[in-house]
Amino acid sequence: MTIQQELHTILVSGLDALSLDLSDKQQQQLVDYVLLMDKWNKAYNLTSVRDPKQMMVKHILDSLAIVPFLDGDNIIDVGTGPGLPGMPLAIAFPDKSFTLLDSLGKRVRFMTQCVHTLGLTNVTPVQSRVEEHNGDTPYDIVLSRAFASLKDMLHWCQHLVDSEGQFLALKGQFPQDEIDEVSDHFHVSKTENLTVPNLVGERHLVWLKKK
């Protein structure tokens, strides 16, 4: 079995466990994204995960676990690294618009290559520090995964949404300590315990809004 076939097998069983229905084209884009990440990772050190099969679980399925909870059409993924969770979510939601923000040029160059190679029309990679970035309009959702504490995320990103916008943070263990530190200007609107197929460890999603 080729690595491409192995990745496809892991993806299909993961999608089944998550009850997600993606087209053959979307599945192929996700496999190709992992193969690109693996290829670039050897030279550019984009992620500490070295094995493409582990990338499929720890990066792709982990990102796709939040698909059922993503409402809003204009989304920014801050501190996205090589495009996580934004790139897999953009593949899953071709009708939503994703801005993928990172301060490191090599990561943005990688994402730009992915957009071109995978034929994605709904992804805009941006190289910037988050506090210096301003969108054309307020974003519906500010998304982060392994980016910063909730307190720092809200402090750096508060200018990106208006009173209707939401912050979504993908965390490991339930971040009670971080929730306790959130300033009075924001409130945690809900939390969700996520189950990621084949992933060892806890995953939680935290929603926050401006008061």
# chains A, B, ... in the order shown; residues from 1 in each chain; ligands from 1
>>> residues_around(residues="Arg50 of chain A", least_positions_apart="2", cutoff="12 Å", atoms="only C-alpha atoms", output="ChimeraX atom specification")
/A:34-35,37-48,52-56,58-59
>>> write_last_selection(atoms="N, CA and C atoms", output="mmCIF file, in the first residue's frame")
data_model
loop_
_atom_site.group_PDB
_atom_site.id
_atom_site.type_symbol
_atom_site.label_atom_id
_atom_site.label_comp_id
_atom_site.auth_asym_id
_atom_site.auth_seq_id
_atom_site.Cartn_x
_atom_site.Cartn_y
_atom_site.Cartn_z
ATOM 1 N N VAL A 34 -1.479 16.847 3.327
ATOM 2 C CA VAL A 34 -0.549 16.138 4.227
ATOM 3 C C VAL A 34 0.748 15.799 3.499
ATOM 4 N N LEU A 35 0.644 15.349 2.263
ATOM 5 C CA LEU A 35 1.845 15.007 1.488
ATOM 6 C C LEU A 35 2.710 16.242 1.259
ATOM 7 N N MET A 37 2.757 18.899 3.237
ATOM 8 C CA MET A 37 3.311 19.252 4.552
ATOM 9 C C MET A 37 4.521 18.380 4.865
ATOM 10 N N ASP A 38 4.407 17.098 4.577
ATOM 11 C CA ASP A 38 5.499 16.159 4.820
ATOM 12 C C ASP A 38 6.723 16.530 3.980
ATOM 13 N N LYS A 39 6.490 16.870 2.724
ATOM 14 C CA LYS A 39 7.588 17.228 1.817
ATOM 15 C C LYS A 39 8.294 18.504 2.284
ATOM 16 N N TRP A 40 7.515 19.530 2.587
ATOM 17 C CA TRP A 40 8.094 20.809 3.020
ATOM 18 C C TRP A 40 8.713 20.698 4.411
ATOM 19 N N ASN A 41 8.161 19.840 5.233
ATOM 20 C CA ASN A 41 8.613 19.734 6.624
ATOM 21 C C ASN A 41 10.079 19.318 6.710
ATOM 22 N N LYS A 42 10.524 18.533 5.745
ATOM 23 C CA LYS A 42 11.906 18.056 5.755
ATOM 24 C C LYS A 42 12.891 19.221 5.626
ATOM 25 N N ALA A 43 12.485 20.259 4.910
ATOM 26 C CA ALA A 43 13.380 21.406 4.711
ATOM 27 C C ALA A 43 13.060 22.592 5.626
ATOM 28 N N TYR A 44 11.783 22.769 5.938
ATOM 29 C CA TYR A 44 11.360 24.004 6.614
ATOM 30 C C TYR A 44 10.887 23.825 8.049
ATOM 31 N N ASN A 45 10.832 22.563 8.516
ATOM 32 C CA ASN A 45 10.468 22.324 9.915
ATOM 33 C C ASN A 45 9.158 23.023 10.298
ATOM 34 N N LEU A 46 8.084 22.708 9.577
ATOM 35 C CA LEU A 46 6.789 23.362 9.788
ATOM 36 C C LEU A 46 6.050 22.812 11.002
ATOM 37 N N THR A 47 6.282 21.544 11.319
ATOM 38 C CA THR A 47 5.580 20.902 12.431
ATOM 39 C C THR A 47 6.498 19.865 13.065
ATOM 40 N N SER A 48 6.328 19.663 14.362
ATOM 41 C CA SER A 48 7.155 18.670 15.067
ATOM 42 C C SER A 48 6.696 17.240 14.771
ATOM 43 N N PRO A 52 3.752 11.259 8.324
ATOM 44 C CA PRO A 52 2.533 11.728 7.654
ATOM 45 C C PRO A 52 1.253 11.077 8.174
ATOM 46 N N LYS A 53 1.344 9.805 8.597
ATOM 47 C CA LYS A 53 0.148 9.143 9.135
ATOM 48 C C LYS A 53 -0.275 9.785 10.456
ATOM 49 N N GLN A 54 0.713 10.190 11.247
ATOM 50 C CA GLN A 54 0.409 10.924 12.480
ATOM 51 C C GLN A 54 -0.125 12.320 12.170
ATOM 52 N N MET A 55 0.384 12.935 11.115
ATOM 53 C CA MET A 55 -0.138 14.253 10.687
ATOM 54 C C MET A 55 -1.636 14.153 10.378
ATOM 55 N N MET A 56 -2.020 13.050 9.717
ATOM 56 C CA MET A 56 -3.427 12.889 9.347
ATOM 57 C C MET A 56 -4.314 12.857 10.592
ATOM 58 N N LYS A 58 -3.239 13.821 14.003
ATOM 59 C CA LYS A 58 -2.997 14.922 14.954
ATOM 60 C C LYS A 58 -3.291 16.297 14.369
ATOM 61 N N HIS A 59 -3.239 16.409 13.044
ATOM 62 C CA HIS A 59 -3.480 17.713 12.413
ATOM 63 C C HIS A 59 -4.809 17.769 11.657
#
>>> closest_atom_pairs(of="segment 126-164 of chain A", to="segment 64-81 of chain A", cutoff="10 Å", atoms="only C-alpha atoms", output="Markdown table")
| residue | atom | partner | partner_atom | distance |
| --- | --- | --- | --- | --- |
| A:Val126 | CA | A:Val78 | CA | 9.8 |
| A:Gln127 | CA | A:Gly79 | CA | 9.9 |
| A:Ser128 | CA | A:Gly79 | CA | 9.5 |
| A:Arg129 | CA | A:Gly79 | CA | 8.5 |
| A:Val130 | CA | A:Val78 | CA | 6.7 |
| A:Gly135 | CA | A:Ile76 | CA | 9.1 |
| A:Thr137 | CA | A:Asn74 | CA | 9.0 |
| A:Pro138 | CA | A:Asn74 | CA | 8.4 |
| A:Tyr139 | CA | A:Asn74 | CA | 5.4 |
| A:Asp140 | CA | A:Asn74 | CA | 5.3 |
| A:Ile141 | CA | A:Ile75 | CA | 4.9 |
| A:Val142 | CA | A:Ile76 | CA | 5.1 |
| A:Leu143 | CA | A:Asp77 | CA | 4.6 |
| A:Ser144 | CA | A:Val78 | CA | 5.5 |
| A:Arg145 | CA | A:Thr80 | CA | 7.3 |
| A:Ala146 | CA | A:Gly79 | CA | 8.2 |
| A:Phe147 | CA | A:Gly79 | CA | 5.6 |
| A:Ala148 | CA | A:Gly79 | CA | 8.5 |
| A:Met153 | CA | A:Val78 | CA | 8.8 |
| A:Trp156 | CA | A:Val78 | CA | 9.9 |
| A:Cys157 | CA | A:Val78 | CA | 8.4 |
| A:Leu160 | CA | A:Ile76 | CA | 8.6 |
| A:Val161 | CA | A:Ile76 | CA | 9.9 |
>>> closest_atom_pairs(of="segment 95-182 of chain A", to="segment 11-32 of chain A", cutoff="10 Å", atoms="only C-alpha atoms", output="JSON lines")
{"residue": "A:Cys114", "atom": "CA", "partner": "A:Asp32", "partner_atom": "CA", "distance": 8.8}
{"residue": "A:Thr117", "atom": "CA", "partner": "A:Asp32", "partner_atom": "CA", "distance": 8.8}
{"residue": "A:Leu118", "atom": "CA", "partner": "A:Gln29", "partner_atom": "CA", "distance": 6.0}
{"residue": "A:Gly119", "atom": "CA", "partner": "A:Gln29", "partner_atom": "CA", "distance": 8.8}
{"residue": "A:Leu120", "atom": "CA", "partner": "A:Gln29", "partner_atom": "CA", "distance": 9.2}
>>> select_by_dssp(residues="segment 4-211 of chain A", states="strand (DSSP E or B)", output="PyMOL selection string")
chain A and resi 74-78+97-102+123-127+141-145+166-171+186-194+203-210
>>> atom_distance(atom1="atom CA of Leu194 of chain A", atom2="atom CA of Ala169 of chain A")
12.1 Å
>>> atom_distance(atom1="atom CA of Leu7 of chain A", atom2="atom CA of Asp95 of chain A")
25.3 Å
>>> select_by_dssp(residues="segment 44-193 of chain A", states="helix (DSSP H, G or I)", output="PyMOL selection string")
chain A and resi 44+52-64+67-69+86-92+105-118+130-132+150-160+176-181
>>> closest_atom_pairs(of="segment 37-135 of chain A", to="segment 197-201 of chain A", cutoff="8 Å", atoms="only C-alpha atoms", output="JSON lines")
{"residue": "A:Val57", "atom": "CA", "partner": "A:Leu199", "partner_atom": "CA", "distance": 6.5}
{"residue": "A:Lys58", "atom": "CA", "partner": "A:Leu199", "partner_atom": "CA", "distance": 6.6}
{"residue": "A:Leu61", "atom": "CA", "partner": "A:Pro197", "partner_atom": "CA", "distance": 7.1}
{"residue": "A:Asp62", "atom": "CA", "partner": "A:Leu199", "partner_atom": "CA", "distance": 7.9}
>>> write_last_selection(atoms="N, CA and C atoms", output="PDB file, in the first residue's frame")
ATOM      1  N   VAL A  57      -3.831  12.220  11.653  1.00  0.00           N
ATOM      2  CA  VAL A  57      -4.620  12.148  12.887  1.00  0.00           C
ATOM      3  C   VAL A  57      -4.490  13.433  13.704  1.00  0.00           C
ATOM      4  N   LYS A  58      -3.239  13.821  14.003  1.00  0.00           N
ATOM      5  CA  LYS A  58      -2.997  14.922  14.954  1.00  0.00           C
ATOM      6  C   LYS A  58      -3.291  16.297  14.369  1.00  0.00           C
ATOM      7  N   LEU A  61      -7.549  15.280  11.269  1.00  0.00           N
ATOM      8  CA  LEU A  61      -8.764  14.858  11.985  1.00  0.00           C
ATOM      9  C   LEU A  61      -9.017  15.760  13.194  1.00  0.00           C
ATOM     10  N   ASP A  62      -7.931  16.200  13.847  1.00  0.00           N
ATOM     11  CA  ASP A  62      -8.055  17.119  14.981  1.00  0.00           C
ATOM     12  C   ASP A  62      -8.728  18.422  14.548  1.00  0.00           C
TER      13      ASP A  62
END
>>> residues_around(residues="Leu205 of chain A", least_positions_apart="3", cutoff="6 Å", atoms="only C-alpha atoms", output="list in words")
Ala169, Leu170, Thr191 and Glu192 of chain A
>>> write_last_selection(atoms="all heavy atoms", output="CSV table (one decimal), in the first residue's frame")
chain,number,residue,atom,x,y,z
A,169,ALA,N,-11.5,28.7,20.6
A,169,ALA,CA,-10.1,28.2,20.9
A,169,ALA,C,-10.1,26.7,21.0
A,169,ALA,O,-11.0,26.2,21.8
A,169,ALA,CB,-9.6,28.9,22.2
A,170,LEU,N,-9.3,26.1,20.3
A,170,LEU,CA,-9.1,24.6,20.4
A,170,LEU,C,-8.0,24.3,21.4
A,170,LEU,O,-6.9,24.7,21.2
A,170,LEU,CB,-8.7,24.1,19.0
A,170,LEU,CG,-8.9,22.6,18.6
A,170,LEU,CD1,-10.3,22.1,18.9
A,170,LEU,CD2,-8.5,22.4,17.2
A,191,THR,N,-18.6,25.6,26.1
A,191,THR,CA,-17.5,24.7,25.9
A,191,THR,C,-18.0,23.4,25.4
A,191,THR,O,-19.1,23.0,25.6
A,191,THR,CB,-16.6,24.5,27.2
A,191,THR,OG1,-17.5,23.8,28.1
A,191,THR,CG2,-16.1,25.8,27.8
A,192,GLU,N,-17.1,22.7,24.7
A,192,GLU,CA,-17.5,21.4,24.1
A,192,GLU,C,-16.3,20.4,24.2
A,192,GLU,O,-15.2,20.8,24.0
A,192,GLU,CB,-17.8,21.6,22.6
A,192,GLU,CG,-18.4,20.3,21.9
A,192,GLU,CD,-19.8,20.1,22.3
A,192,GLU,OE1,-20.6,21.0,22.4
A,192,GLU,OE2,-20.2,18.9,22.4
>>> atom_distance(atom1="atom CA of Glu202 of chain A", atom2="atom CA of Lys190 of chain A")
16.9 Å
>>> closest_residue(among="A:Thr121, A:Ser97, A:Gln166, A:Thr9", to="Lys210 of chain A", atoms="only C-alpha atoms")
A:Gln166
>>> decode(residues="segment 119-161 of chain A", atoms="N, CA and C atoms", output="compact mmCIF listing (two decimals), in the first residue's frame")
# COMPACT_ATOMS: atom_id res chain seq x y z
N GLY A 119 -5.78 24.14 -5.46
CA GLY A 119 -6.84 24.84 -6.17
C GLY A 119 -7.89 25.44 -5.25
N LEU A 120 -7.46 25.99 -4.12
CA LEU A 120 -8.40 26.57 -3.15
C LEU A 120 -8.65 28.04 -3.47
N THR A 121 -9.91 28.40 -3.56
CA THR A 121 -10.26 29.79 -3.90
C THR A 121 -10.77 30.57 -2.69
N ASN A 122 -10.86 29.90 -1.53
CA ASN A 122 -11.46 30.54 -0.35
C ASN A 122 -10.46 30.76 0.78
N VAL A 123 -9.15 30.70 0.44
CA VAL A 123 -8.10 30.82 1.46
C VAL A 123 -7.17 31.98 1.11
N THR A 124 -6.92 32.87 2.08
CA THR A 124 -5.97 33.96 1.93
C THR A 124 -4.90 33.87 3.01
N PRO A 125 -3.69 33.40 2.67
CA PRO A 125 -2.61 33.40 3.65
C PRO A 125 -2.07 34.82 3.84
N VAL A 126 -1.82 35.20 5.08
CA VAL A 126 -1.33 36.55 5.39
C VAL A 126 -0.16 36.44 6.36
N GLN A 127 0.93 37.13 6.03
CA GLN A 127 2.06 37.20 6.97
C GLN A 127 1.96 38.49 7.77
N SER A 128 1.71 38.34 9.07
CA SER A 128 1.57 39.51 9.94
C SER A 128 1.53 39.04 11.38
N ARG A 129 1.92 39.93 12.28
CA ARG A 129 1.62 39.71 13.69
C ARG A 129 0.13 40.01 13.87
N VAL A 130 -0.53 39.25 14.71
CA VAL A 130 -1.99 39.37 14.81
C VAL A 130 -2.42 40.76 15.27
N GLU A 131 -1.66 41.37 16.16
CA GLU A 131 -2.08 42.68 16.68
C GLU A 131 -1.94 43.79 15.64
N GLU A 132 -1.20 43.49 14.55
CA GLU A 132 -1.01 44.49 13.49
C GLU A 132 -1.92 44.25 12.29
N HIS A 133 -2.69 43.19 12.34
CA HIS A 133 -3.55 42.84 11.20
C HIS A 133 -4.94 43.45 11.37
N ASN A 134 -5.44 44.04 10.28
CA ASN A 134 -6.82 44.53 10.27
C ASN A 134 -7.52 44.00 9.02
N GLY A 135 -8.63 43.32 9.22
CA GLY A 135 -9.40 42.85 8.08
C GLY A 135 -10.21 43.98 7.46
N ASP A 136 -10.71 43.75 6.25
CA ASP A 136 -11.54 44.75 5.59
C ASP A 136 -12.84 44.96 6.35
N THR A 137 -13.35 43.89 6.91
CA THR A 137 -14.57 43.95 7.73
C THR A 137 -14.33 43.11 8.98
N PRO A 138 -15.14 43.27 10.03
CA PRO A 138 -14.97 42.41 11.20
C PRO A 138 -15.18 40.94 10.82
N TYR A 139 -14.42 40.08 11.43
CA TYR A 139 -14.56 38.64 11.18
C TYR A 139 -15.72 38.08 12.00
N ASP A 140 -16.34 37.02 11.47
CA ASP A 140 -17.40 36.33 12.22
C ASP A 140 -16.79 35.49 13.33
N ILE A 141 -15.63 34.87 13.03
CA ILE A 141 -14.98 33.97 13.97
C ILE A 141 -13.47 34.19 13.95
N VAL A 142 -12.90 34.30 15.14
CA VAL A 142 -11.45 34.23 15.31
C VAL A 142 -11.14 32.85 15.88
N LEU A 143 -10.35 32.09 15.14
CA LEU A 143 -10.08 30.70 15.48
C LEU A 143 -8.63 30.55 15.90
N SER A 144 -8.38 29.76 16.94
CA SER A 144 -6.99 29.49 17.29
C SER A 144 -6.84 28.07 17.80
N ARG A 145 -5.68 27.50 17.51
CA ARG A 145 -5.33 26.15 17.94
C ARG A 145 -3.89 26.20 18.41
N ALA A 146 -3.68 25.93 19.68
CA ALA A 146 -2.32 25.93 20.24
C ALA A 146 -1.61 27.25 19.96
N PHE A 147 -2.34 28.34 20.09
CA PHE A 147 -1.78 29.66 19.74
C PHE A 147 -1.29 30.41 20.97
N ALA A 148 -2.14 30.58 21.94
CA ALA A 148 -1.79 31.37 23.12
C ALA A 148 -2.82 31.06 24.20
N SER A 149 -2.59 31.60 25.40
CA SER A 149 -3.60 31.48 26.44
C SER A 149 -4.85 32.25 26.01
N LEU A 150 -5.99 31.90 26.59
CA LEU A 150 -7.23 32.61 26.25
C LEU A 150 -7.09 34.11 26.50
N LYS A 151 -6.48 34.46 27.63
CA LYS A 151 -6.29 35.87 27.99
C LYS A 151 -5.50 36.61 26.91
N ASP A 152 -4.37 36.02 26.48
CA ASP A 152 -3.54 36.66 25.46
C ASP A 152 -4.24 36.68 24.10
N MET A 153 -4.91 35.59 23.77
CA MET A 153 -5.64 35.54 22.50
C MET A 153 -6.66 36.68 22.41
N LEU A 154 -7.43 36.86 23.47
CA LEU A 154 -8.47 37.89 23.47
C LEU A 154 -7.84 39.29 23.41
N HIS A 155 -6.74 39.45 24.13
CA HIS A 155 -6.07 40.75 24.17
C HIS A 155 -5.54 41.13 22.78
N TRP A 156 -4.91 40.16 22.10
CA TRP A 156 -4.30 40.44 20.80
C TRP A 156 -5.31 40.48 19.67
N CYS A 157 -6.45 39.82 19.84
CA CYS A 157 -7.39 39.64 18.71
C CYS A 157 -8.69 40.42 18.85
N GLN A 158 -8.85 41.17 19.94
CA GLN A 158 -10.16 41.79 20.19
C GLN A 158 -10.59 42.76 19.09
N HIS A 159 -9.62 43.35 18.37
CA HIS A 159 -9.95 44.31 17.30
C HIS A 159 -10.45 43.62 16.03
N LEU A 160 -10.39 42.29 15.98
CA LEU A 160 -10.74 41.57 14.75
C LEU A 160 -12.23 41.26 14.63
N VAL A 161 -12.96 41.40 15.74
CA VAL A 161 -14.41 41.12 15.70
C VAL A 161 -15.17 42.29 16.31
